[in-house]
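run-v8.txt, holding compact mmCIF, C-alpha atoms:
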# COMPACT_ATOMS: atom_id res chain seq x y z
CA MET U 212 43.94 -0.33 -20.68
CA GLU U 213 42.67 -3.81 -19.81
CA GLU U 214 42.17 -2.93 -16.13
CA LEU U 215 40.53 0.45 -16.67
CA ASP U 216 36.91 0.17 -15.52
CA LEU U 217 35.14 3.43 -14.72
CA SER U 218 31.59 1.99 -14.83
CA GLU U 219 31.15 2.14 -11.05
CA LYS U 220 32.44 5.71 -10.92
CA ILE U 221 30.12 6.75 -13.77
CA ASN U 222 27.10 5.10 -12.09
CA LYS U 223 27.78 6.97 -8.85
CA ARG U 224 28.19 10.25 -10.74
CA ILE U 225 24.84 9.75 -12.53
CA ALA U 226 23.10 8.89 -9.24
CA LEU U 227 24.50 12.07 -7.73
CA ILE U 228 23.27 14.14 -10.70
CA LYS U 229 19.78 12.61 -10.34
CA ASP U 230 19.70 13.53 -6.64
CA ASP U 231 20.84 17.07 -7.39
CA VAL U 232 18.16 17.45 -10.08
CA LEU U 233 15.50 16.19 -7.68
CA SER U 234 16.59 18.56 -4.93
CA GLY U 235 16.64 21.46 -7.38
CA LYS U 236 20.38 22.11 -7.04
CA ILE U 237 20.92 21.77 -10.77
CA ASN U 238 18.76 22.14 -13.84
CA LEU U 239 19.03 19.24 -16.25
CA LEU U 240 18.65 21.60 -19.20
CA GLU U 241 21.82 23.44 -18.18
CA LEU U 242 23.83 20.28 -17.59
CA GLN U 243 26.22 18.98 -20.26
CA LEU U 244 25.86 15.24 -20.70
CA ASN U 245 28.59 14.96 -23.33
CA PRO U 246 31.40 14.34 -20.77
CA ILE U 247 29.54 11.29 -19.41
CA PHE U 248 29.04 9.75 -22.83
CA SER U 249 32.65 10.58 -23.80
CA GLU U 250 33.92 8.91 -20.65
CA ILE U 251 31.90 5.78 -21.43
CA LYS U 252 33.13 5.78 -25.01
CA ASN U 253 36.79 6.27 -24.06
CA SER U 254 36.98 3.72 -21.28
CA ILE U 255 34.84 0.89 -22.63
CA ASN U 256 36.67 -2.13 -24.00
CA ILE U 257 36.12 -5.83 -24.67
CA HIS U 258 37.07 -6.75 -21.07
CA ASN U 259 34.72 -4.41 -19.21
CA ILE U 260 31.80 -4.18 -21.63
CA GLU U 261 29.50 -6.21 -19.32
CA ASN U 262 29.92 -3.71 -16.47
CA TYR U 263 29.24 -0.78 -18.79
CA SER U 264 25.76 -1.82 -19.91
CA GLN U 265 24.20 -0.43 -16.69
CA SER U 266 26.22 2.79 -16.98
CA TYR U 267 24.97 3.22 -20.51
CA VAL U 268 21.36 2.61 -19.46
CA ASN U 269 21.72 5.15 -16.61
CA ALA U 270 23.24 7.76 -18.93
CA LEU U 271 20.46 7.23 -21.47
CA GLU U 272 17.83 7.66 -18.73
CA LEU U 273 19.42 10.99 -17.89
CA LEU U 274 19.39 12.00 -21.55
CA ASN U 275 15.76 10.95 -21.81
CA ASP U 276 14.89 13.07 -18.75
CA LYS U 277 16.66 16.00 -20.40
CA PHE U 278 14.59 15.54 -23.56
CA GLU U 279 11.43 15.47 -21.45
CA GLU U 280 12.44 18.70 -19.71
CA LEU U 281 13.11 20.33 -23.07
CA LYS U 282 9.81 19.08 -24.45
CA ASN U 283 7.98 20.48 -21.43
CA LEU U 284 9.78 23.82 -21.71
CA LEU U 285 8.98 24.17 -25.40
CA SER U 286 5.37 23.16 -24.97
CA SER U 287 4.77 25.56 -22.08
CA LEU U 288 6.05 28.59 -23.99
CA ASP U 289 3.12 30.89 -24.86
CA ILE U 290 0.79 28.17 -23.74
CA GLU U 291 -2.26 30.47 -23.45
CA LYS U 292 -1.82 31.38 -27.13
CA LYS U 293 -1.71 27.68 -28.03
CA PHE U 294 -4.93 27.07 -26.10
CA GLU U 295 -6.59 29.96 -27.89
CA ALA U 296 -5.29 28.81 -31.26
CA PHE U 297 -6.72 25.38 -30.61
CA LEU U 298 -10.13 26.75 -29.63
CA LYS U 299 -10.14 28.95 -32.73
CA THR U 300 -10.09 25.79 -34.85
CA HIS U 301 -13.62 25.24 -33.44
CA PRO U 302 -13.04 21.71 -32.20
CA ASN U 303 -16.14 19.75 -31.30
CA GLU U 304 -16.68 18.35 -27.79
CA ASP U 305 -15.32 14.91 -28.70
CA GLN U 306 -12.10 16.44 -30.05
CA ILE U 307 -11.61 18.39 -26.83
CA PHE U 308 -12.42 15.29 -24.81
CA ASP U 309 -9.70 13.50 -26.79
CA ILE U 310 -7.10 16.18 -25.97
CA PHE U 311 -7.45 15.27 -22.28
CA ARG U 312 -6.95 11.56 -22.99
CA GLY U 313 -4.02 10.18 -20.99
CA CYS U 314 -3.65 13.43 -19.02
CA TRP U 315 -5.93 12.56 -16.13
CA ARG U 316 -4.46 11.63 -12.82
CA LYS U 317 -5.80 9.60 -9.96
CA THR U 318 -4.80 10.86 -6.53
CA PHE U 319 -4.28 8.49 -3.66
CA HIS U 320 -5.93 9.56 -0.46
CA PHE U 321 -6.55 7.37 2.49
CA GLU U 322 -9.20 8.81 4.72
CA PRO U 323 -9.53 6.30 7.59
CA ILE U 324 -6.17 7.23 9.13
CA SER U 325 -5.46 10.38 11.06
CA LEU U 326 -2.36 11.71 12.75
CA LYS U 327 -4.22 11.52 16.05
CA PHE U 328 -4.90 7.83 15.54
CA LEU U 329 -1.31 7.13 14.46
CA ASP U 330 -0.09 8.88 17.60
CA TYR U 331 -2.53 6.91 19.77
CA ALA U 332 -1.59 3.60 18.10
CA SER U 333 2.10 4.36 18.48
CA ASN U 334 1.80 5.18 22.20
CA ARG U 335 -0.40 2.16 22.82
CA TYR U 336 2.08 -0.12 21.08
CA ILE U 337 4.97 1.18 23.14
CA LYS U 338 3.07 1.00 26.42
CA GLU U 339 1.66 -2.48 25.94
CA ARG U 340 4.83 -4.15 24.77
CA ILE U 341 5.64 -6.88 27.28
CA THR U 342 9.35 -7.53 27.62
CA HIS U 343 9.51 -9.83 30.69
CA TYR U 344 7.26 -12.76 31.33
CA THR U 345 6.81 -13.93 34.92
CA ILE U 346 5.65 -17.48 35.45
CA GLU U 347 3.10 -17.72 38.24
CA HIS U 348 2.23 -21.10 39.65
CA LEU U 349 -1.44 -21.90 39.82
CA THR U 350 -3.04 -22.65 43.17
CA LYS U 351 -4.79 -26.00 43.29
CA GLU U 352 -8.34 -25.86 44.51
CA GLU U 353 -10.78 -28.55 45.55
CA THR U 354 -13.75 -29.03 43.25
CA ASN U 355 -16.85 -31.18 43.31
CA ASP U 356 -17.28 -31.06 39.56
CA GLN U 357 -17.70 -34.28 37.66
CA PHE U 358 -15.57 -34.80 34.59
CA LEU U 359 -16.80 -36.45 31.45
CA LEU U 360 -13.95 -38.95 31.34
CA GLU U 361 -14.85 -40.42 34.73
CA VAL U 362 -16.70 -43.73 34.34
CA PRO U 363 -19.72 -44.03 36.63
CA ARG U 364 -18.89 -46.35 39.52
CA TYR U 365 -21.94 -48.62 39.39
CA LYS U 366 -21.28 -49.68 35.78
CA PHE U 367 -17.73 -50.66 36.54
CA THR U 368 -18.86 -52.65 39.62
CA GLU U 369 -21.47 -54.37 37.53
CA LYS U 370 -18.86 -55.34 34.99
CA ILE U 371 -16.55 -56.73 37.66
CA GLY U 372 -19.52 -58.67 39.13
CA ALA U 373 -20.41 -60.13 35.74
CA PHE U 374 -16.78 -61.13 35.16
CA TYR U 375 -16.60 -62.74 38.60
CA ASP U 376 -19.79 -64.75 37.93
CA LYS U 377 -18.36 -65.91 34.62
CA ILE U 378 -15.02 -67.20 35.94
CA LYS U 379 -15.95 -68.48 39.42
CA LYS U 380 -17.10 -71.83 37.98
CA LYS U 381 -13.62 -72.33 36.49
CA LEU U 382 -11.82 -71.76 39.79
CA PRO U 383 -9.43 -73.00 40.91
CA CYS U 384 -7.50 -72.79 37.64
CA PHE U 385 -4.25 -71.50 36.17
CA PHE U 386 -4.00 -67.78 35.65
CA GLU U 387 -4.02 -68.10 31.81
CA ASP U 388 -7.09 -70.35 31.84
CA VAL U 389 -9.29 -67.43 32.91
CA PHE U 390 -8.77 -65.81 29.49
CA ASP U 391 -8.82 -69.10 27.62
CA ASN U 392 -11.69 -68.45 25.24
CA GLU U 393 -10.90 -64.79 24.60
CA LEU U 394 -9.02 -63.77 21.42
CA ASP U 395 -9.54 -60.01 21.42
CA GLN U 396 -6.55 -58.33 23.09
CA ILE U 397 -8.65 -55.38 24.27
CA GLU U 398 -11.11 -57.72 25.92
CA ILE U 399 -8.25 -59.63 27.56
CA TYR U 400 -6.79 -56.36 28.86
CA GLU U 401 -10.20 -55.28 30.20
CA GLN U 402 -10.74 -58.63 31.93
CA PHE U 403 -7.22 -58.46 33.38
CA VAL U 404 -8.12 -55.13 34.97
CA TYR U 405 -11.29 -56.69 36.48
CA LEU U 406 -9.18 -59.58 37.77
CA LEU U 407 -6.74 -57.16 39.44
CA HIS U 408 -9.66 -55.46 41.14
CA LEU U 409 -11.09 -58.80 42.31
CA LEU U 410 -7.66 -59.72 43.73
CA GLN U 411 -7.50 -56.33 45.43
CA LEU U 412 -10.97 -56.81 46.91
CA GLY U 413 -9.97 -60.29 48.10
CA LYS U 414 -12.76 -62.07 46.23
CA ILE U 415 -10.20 -64.10 44.36
CA LYS U 416 -6.77 -65.18 45.54
CA TYR U 417 -3.60 -65.94 43.64
CA GLN U 418 -0.80 -68.40 44.46
CA LYS U 419 2.38 -67.30 42.73
CA ASP U 420 4.43 -70.52 42.96
CA THR U 421 1.71 -72.64 41.31
CA ASN U 422 0.34 -69.77 39.11
CA THR U 423 -3.14 -70.61 40.39
CA LEU U 424 -6.27 -68.54 41.00
CA TYR U 425 -8.73 -69.71 43.61
CA ILE U 426 -11.58 -68.50 45.81
CA MET V 98 5.47 6.08 14.75
CA ASN V 99 8.22 6.79 12.21
CA GLU V 100 8.67 9.35 9.44
CA ILE V 101 7.03 7.10 6.84
CA SER V 102 3.77 6.90 8.86
CA VAL V 103 3.67 10.67 9.27
CA LEU V 104 4.56 11.32 5.62
CA MET V 105 2.01 8.81 4.33
CA TYR V 106 -0.67 10.48 6.41
CA MET V 107 0.33 14.01 5.40
CA LEU V 108 0.59 13.21 1.68
CA SER V 109 -2.60 11.16 1.44
CA ARG V 110 -4.95 13.31 3.52
CA LYS V 111 -7.79 15.24 1.95
CA LYS V 112 -8.12 18.64 3.59
CA SER V 113 -11.00 19.76 1.38
CA ILE V 114 -12.49 18.94 -2.01
CA HIS V 115 -9.59 20.68 -3.73
CA GLN V 116 -6.81 20.32 -1.19
CA ILE V 117 -5.01 17.00 -0.90
CA GLY V 118 -1.60 16.33 0.67
CA ALA V 119 0.57 18.87 2.43
CA THR V 120 2.99 21.72 1.85
CA LYS V 121 6.69 21.43 2.64
CA LYS V 122 6.20 23.73 5.62
CA GLU V 123 3.39 21.58 7.03
CA ILE V 124 5.41 18.38 6.60
CA LEU V 125 8.50 19.82 8.28
CA LYS V 126 6.35 21.13 11.14
CA SER V 127 4.68 17.76 11.70
CA LEU V 128 8.09 16.08 11.74
CA ASN V 129 9.47 18.80 14.02
CA VAL V 130 12.42 19.48 11.71
CA LYS V 131 14.10 22.77 12.53
CA ASN V 132 17.74 22.36 11.54
CA LYS V 133 19.63 24.33 8.89
CA ASN V 134 19.58 21.59 6.27
CA LYS V 135 15.84 20.98 6.49
CA SER V 136 15.35 21.38 2.72
CA VAL V 137 17.90 18.68 1.98
CA TYR V 138 16.39 16.49 4.70
CA PHE V 139 12.91 17.06 3.24
CA GLN V 140 14.10 16.12 -0.24
CA ASP V 141 15.81 12.99 1.09
CA LEU V 142 12.62 11.98 2.88
CA LEU V 143 10.48 12.34 -0.23
CA THR V 144 13.05 10.57 -2.40
CA GLY V 145 13.26 7.76 0.16
CA LEU V 146 9.50 7.41 0.42
CA SER V 147 9.03 7.47 -3.34
CA LYS V 148 11.41 4.50 -3.61
CA TYR V 149 9.14 2.57 -1.23
CA LEU V 150 5.99 3.64 -3.07
CA GLU V 151 7.21 2.94 -6.59
CA PRO V 152 6.73 -0.87 -6.46
CA LEU V 153 3.18 -0.25 -5.21
CA GLY V 154 2.33 1.79 -8.31
CA LEU V 155 2.33 5.11 -6.45
CA GLN V 156 4.34 8.28 -6.96
CA ILE V 157 4.83 11.58 -5.16
CA ILE V 158 3.80 14.64 -7.16
CA PHE V 159 3.96 18.39 -6.56
CA ASN V 160 0.91 20.51 -7.31
CA SER V 161 2.40 23.85 -8.29
CA LEU V 162 -1.01 25.53 -8.11
CA ASN V 163 -1.12 25.31 -4.31
CA SER V 164 2.41 24.09 -3.44
CA HIS V 165 1.10 20.80 -2.07
CA TRP V 166 2.89 17.46 -2.27
CA PHE V 167 0.58 14.50 -2.74
CA ILE V 168 0.50 10.84 -3.69
CA ASN V 169 -0.69 9.80 -7.11
CA TYR V 170 -1.25 6.46 -8.86
CA ASP V 171 1.36 5.90 -11.57
CA ASN V 172 0.46 5.94 -15.28
CA GLU V 173 0.01 2.18 -15.56
CA LEU V 174 -2.42 2.04 -12.64
CA THR V 175 -4.22 5.22 -13.76
CA GLU V 176 -4.96 3.53 -17.08
CA LEU V 177 -6.53 0.61 -15.22
CA ILE V 178 -8.54 2.79 -12.85
CA SER V 179 -11.04 5.09 -14.51
CA ALA V 180 -9.35 8.40 -13.73
CA ASN V 181 -11.31 10.57 -16.17
CA PRO V 182 -13.98 12.33 -14.09
CA PHE V 183 -15.82 13.36 -17.29
CA GLU V 184 -16.16 9.93 -18.87
CA GLY V 185 -19.26 10.07 -21.03
CA ARG V 186 -19.59 13.84 -20.43
CA PRO V 187 -17.51 15.53 -23.20
CA SER V 188 -19.38 18.79 -22.68
CA LEU V 189 -17.74 19.21 -19.26
CA SER V 190 -14.26 18.59 -20.72
CA ALA V 191 -14.92 21.27 -23.35
CA THR V 192 -16.11 23.82 -20.79
CA LEU V 193 -13.18 23.07 -18.49
CA LEU V 194 -10.71 23.64 -21.34
CA CYS V 195 -12.37 26.99 -22.06
CA VAL V 196 -12.14 27.98 -18.38
CA LEU V 197 -8.48 26.93 -18.34
CA THR V 198 -7.71 28.91 -21.50
CA SER V 199 -9.49 31.99 -20.26
CA CYS V 200 -7.88 31.82 -16.80
CA LEU V 201 -4.40 31.49 -18.34
CA LYS V 202 -5.12 34.56 -20.43
CA ASN V 203 -6.60 36.66 -17.61
CA SER V 204 -4.23 35.89 -14.69
CA GLY V 205 -6.40 33.25 -13.08
CA HIS V 206 -9.86 34.82 -13.48
CA THR V 207 -12.64 34.62 -16.05
CA SER V 208 -16.38 35.09 -16.32
CA ILE V 209 -19.42 33.20 -17.55
CA GLN V 210 -19.70 35.61 -20.50
CA GLU V 211 -16.15 34.83 -21.63
CA ILE V 212 -16.70 31.09 -21.37
CA ARG V 213 -19.92 31.43 -23.31
CA ALA V 214 -18.02 33.23 -26.08
CA LEU V 215 -15.14 30.78 -26.14
CA ARG V 216 -17.45 27.77 -26.04
CA ASN V 217 -19.61 29.32 -28.78
CA LYS V 218 -22.61 28.09 -26.83
CA LYS V 219 -25.55 30.02 -25.40
CA ASP V 220 -25.89 28.20 -22.11
CA VAL V 221 -22.85 27.04 -20.17
CA LYS V 222 -24.37 27.57 -16.71
CA ASP V 223 -25.18 23.90 -16.15
CA ASP V 224 -21.63 22.85 -16.97
CA ILE V 225 -20.22 25.59 -14.73
CA LYS V 226 -22.48 24.45 -11.87
CA ILE V 227 -21.34 20.83 -12.22
CA LEU V 228 -17.68 21.84 -12.43
CA GLU V 229 -18.17 23.96 -9.32
CA LYS V 230 -19.86 21.09 -7.50
CA GLU V 231 -17.01 18.75 -8.42
CA GLY V 232 -14.50 21.26 -7.03
CA PHE V 233 -12.77 22.37 -10.24
CA LEU V 234 -13.79 26.02 -10.00
CA GLU V 235 -15.33 28.64 -7.75
CA LEU V 236 -18.10 30.86 -9.00
CA ASP V 237 -18.86 34.23 -7.48
CA LYS V 238 -22.64 34.39 -7.90
CA LYS V 239 -22.82 38.16 -7.56
CA THR V 240 -20.14 39.07 -10.10
CA THR V 241 -20.30 35.81 -12.16
CA ASN V 242 -16.53 35.71 -11.87
CA ILE V 243 -14.94 32.29 -12.17
CA ARG V 244 -11.70 31.15 -10.58
CA LEU V 245 -10.02 27.77 -11.03
CA THR V 246 -9.26 25.86 -7.83
CA PRO V 247 -6.04 23.87 -7.29
CA LEU V 248 -8.00 20.65 -8.03
CA ILE V 249 -7.01 20.84 -11.68
CA GLY V 250 -3.36 20.50 -10.58
CA TYR V 251 -4.23 17.22 -8.88
CA LYS V 252 -6.53 15.78 -11.51
CA LEU V 253 -4.66 16.83 -14.63
CA ASP V 254 -1.08 16.37 -15.76
CA LEU V 255 -0.92 19.92 -17.15
CA GLN V 256 2.51 19.43 -18.69
CA LYS V 257 1.25 16.42 -20.61
CA LEU V 258 -1.82 18.41 -21.70
CA PHE V 259 0.39 21.23 -23.01
CA VAL V 260 2.45 18.74 -25.03
CA ARG V 261 -0.67 17.06 -26.46
CA LEU V 262 -2.09 20.46 -27.39
CA ALA V 263 1.16 21.56 -29.06
CA LEU V 264 1.28 18.32 -31.05
CA LYS V 265 -2.39 18.66 -32.01
CA LEU V 266 -1.76 22.16 -33.39
CA LYS V 267 1.11 20.86 -35.51
CA GLU V 268 -1.09 18.26 -37.19
Would you mind writing the structure in this file as structure tokens?
Amino acid sequence: MEELDLSEKINKRIALIKDDVLSGKINLLELQLNPIFSEIKNSINIHNIENYSQSYVNALELLNDKFEELKNLLSSLDIEKKFEAFLKTHPNEDQIFDIFRGCWRKTFHFEPISLKFLDYASNRYIKERITHYTIEHLTKEETNDQFLLEVPRYKFTEKIGAFYDKIKKKLPCFFEDVFDNELDQIEIYEQFVYLLHLLQLGKIKYQKDTNTLYI
Amino acid sequence: MNEISVLMYMLSRKKSIHQIGATKKEILKSLNVKNKNKSVYFQDLLTGLSKYLEPLGLQIIFNSLNSHWFINYDNELTELISANPFEGRPSLSATLLCVLTSCLKNSGHTSIQEIRALRNKKDVKDDIKILEKEGFLELDKKTTNIRLTPLIGYKLDLQKLFVRLALKLKE
């Protein structure tokens, strides 16, 4: 008894009944629900009660649907006579308006799409899907364009000239002495670049063994 | 393009003022379903789609007046959206109920004279004209015959209306 758990089986059976009702194979009003409730009642115990809560909810939903069907059937019997009987009570416009309350529906229709467009979009998507990428190497071409990052030549030359004028009085001196009074590392780096250029141009010479700069 | 795209299009299209959605035959044709079990397949498709639509507050409904399947906002959303087309116009609701009653009694047809009698009102022409313009009914100007269109099956939950009416009569 402890291991008997039919909840899964009952759930599947209810799902199957719901599908059959939807597809019109069976009519809920003709279906006996007693066997389902009896099965739940006979197989539920303290050990499987947690699994049975969903089965019970599903069975109650089915019962509720059956009540709805019955309610609909009863209310649609001789409906034209009911309408007439209601109108014979001479209801005013507000009373009639109230009868419709909660009965209105709002349909969903989406006009911008068309089957033609869906077909077009589908074909376009399939056709334009790229599955293989080929890497093509770019060909390098000569250009006369000037780039913003390029520093104009005359300014740089002027700066080198100014630096040369400033240090030539100190020469000959040790390499470090050229930057003696400068504390800013950026300035020192800039002046070092000028010095390299001056060495390259041959305006200043450097003797490695004595660490000396001279003209 | 998969079945959901096609179904969504078919069920949400507006063919005319009183024709929304599609019939089973039209849906099966658009999906090119020809096998023996097409009815089961069709039911499975609609059940499957309705499971996707449910979290969005949409449901699939059948309009028995013209055998069309269509998509509808669920009750919760309908309460939020103003679904009543006659809000602030109770006269139109009253005339529509009279047309509905008369059409049920006379196998789908009625006349202006009958509505006038049921409504206990001398002039119902204006209401009839508005209801015609909004697509609820068709009026034959020569014979003054009136016929309800399938629009009422889309706009009204008739089963719910029957229940409300039955309960009202018991009060």
As an exercise, work out the distance from atom CA of Leu424 of chain U to atom CA of Phe367 of chain U in Å and give it to one decimal place. 21.7 Å
Counting all atoms listed in the file, which residues of chain U come no farther than 8 Å from chain V, as a PyMOL selection string? chain U and resi 233-234+282-283+286-287+290-291+293-298+304-305+307-308+310-311+313-322+324-326+329-330+333
Which residue gives the smallest distance to His165 of chain V among V:His115, V:Lys267, V:Arg213, V:Lys121, with only C-alpha atoms counted? V:Lys121
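Residue nearest Gln210 of chain V within the list V:Lys148, V:Gly154, V:Lys131, V:Ile225: V:Ile225 [criterion: smallest interatomic distance, all atoms listed in the file].
Nearest to Glu241 of chain U of all the residues U:Asp216, U:Glu280, U:Asp356, U:Asp395 is U:Glu280, counting all atoms listed in the file.
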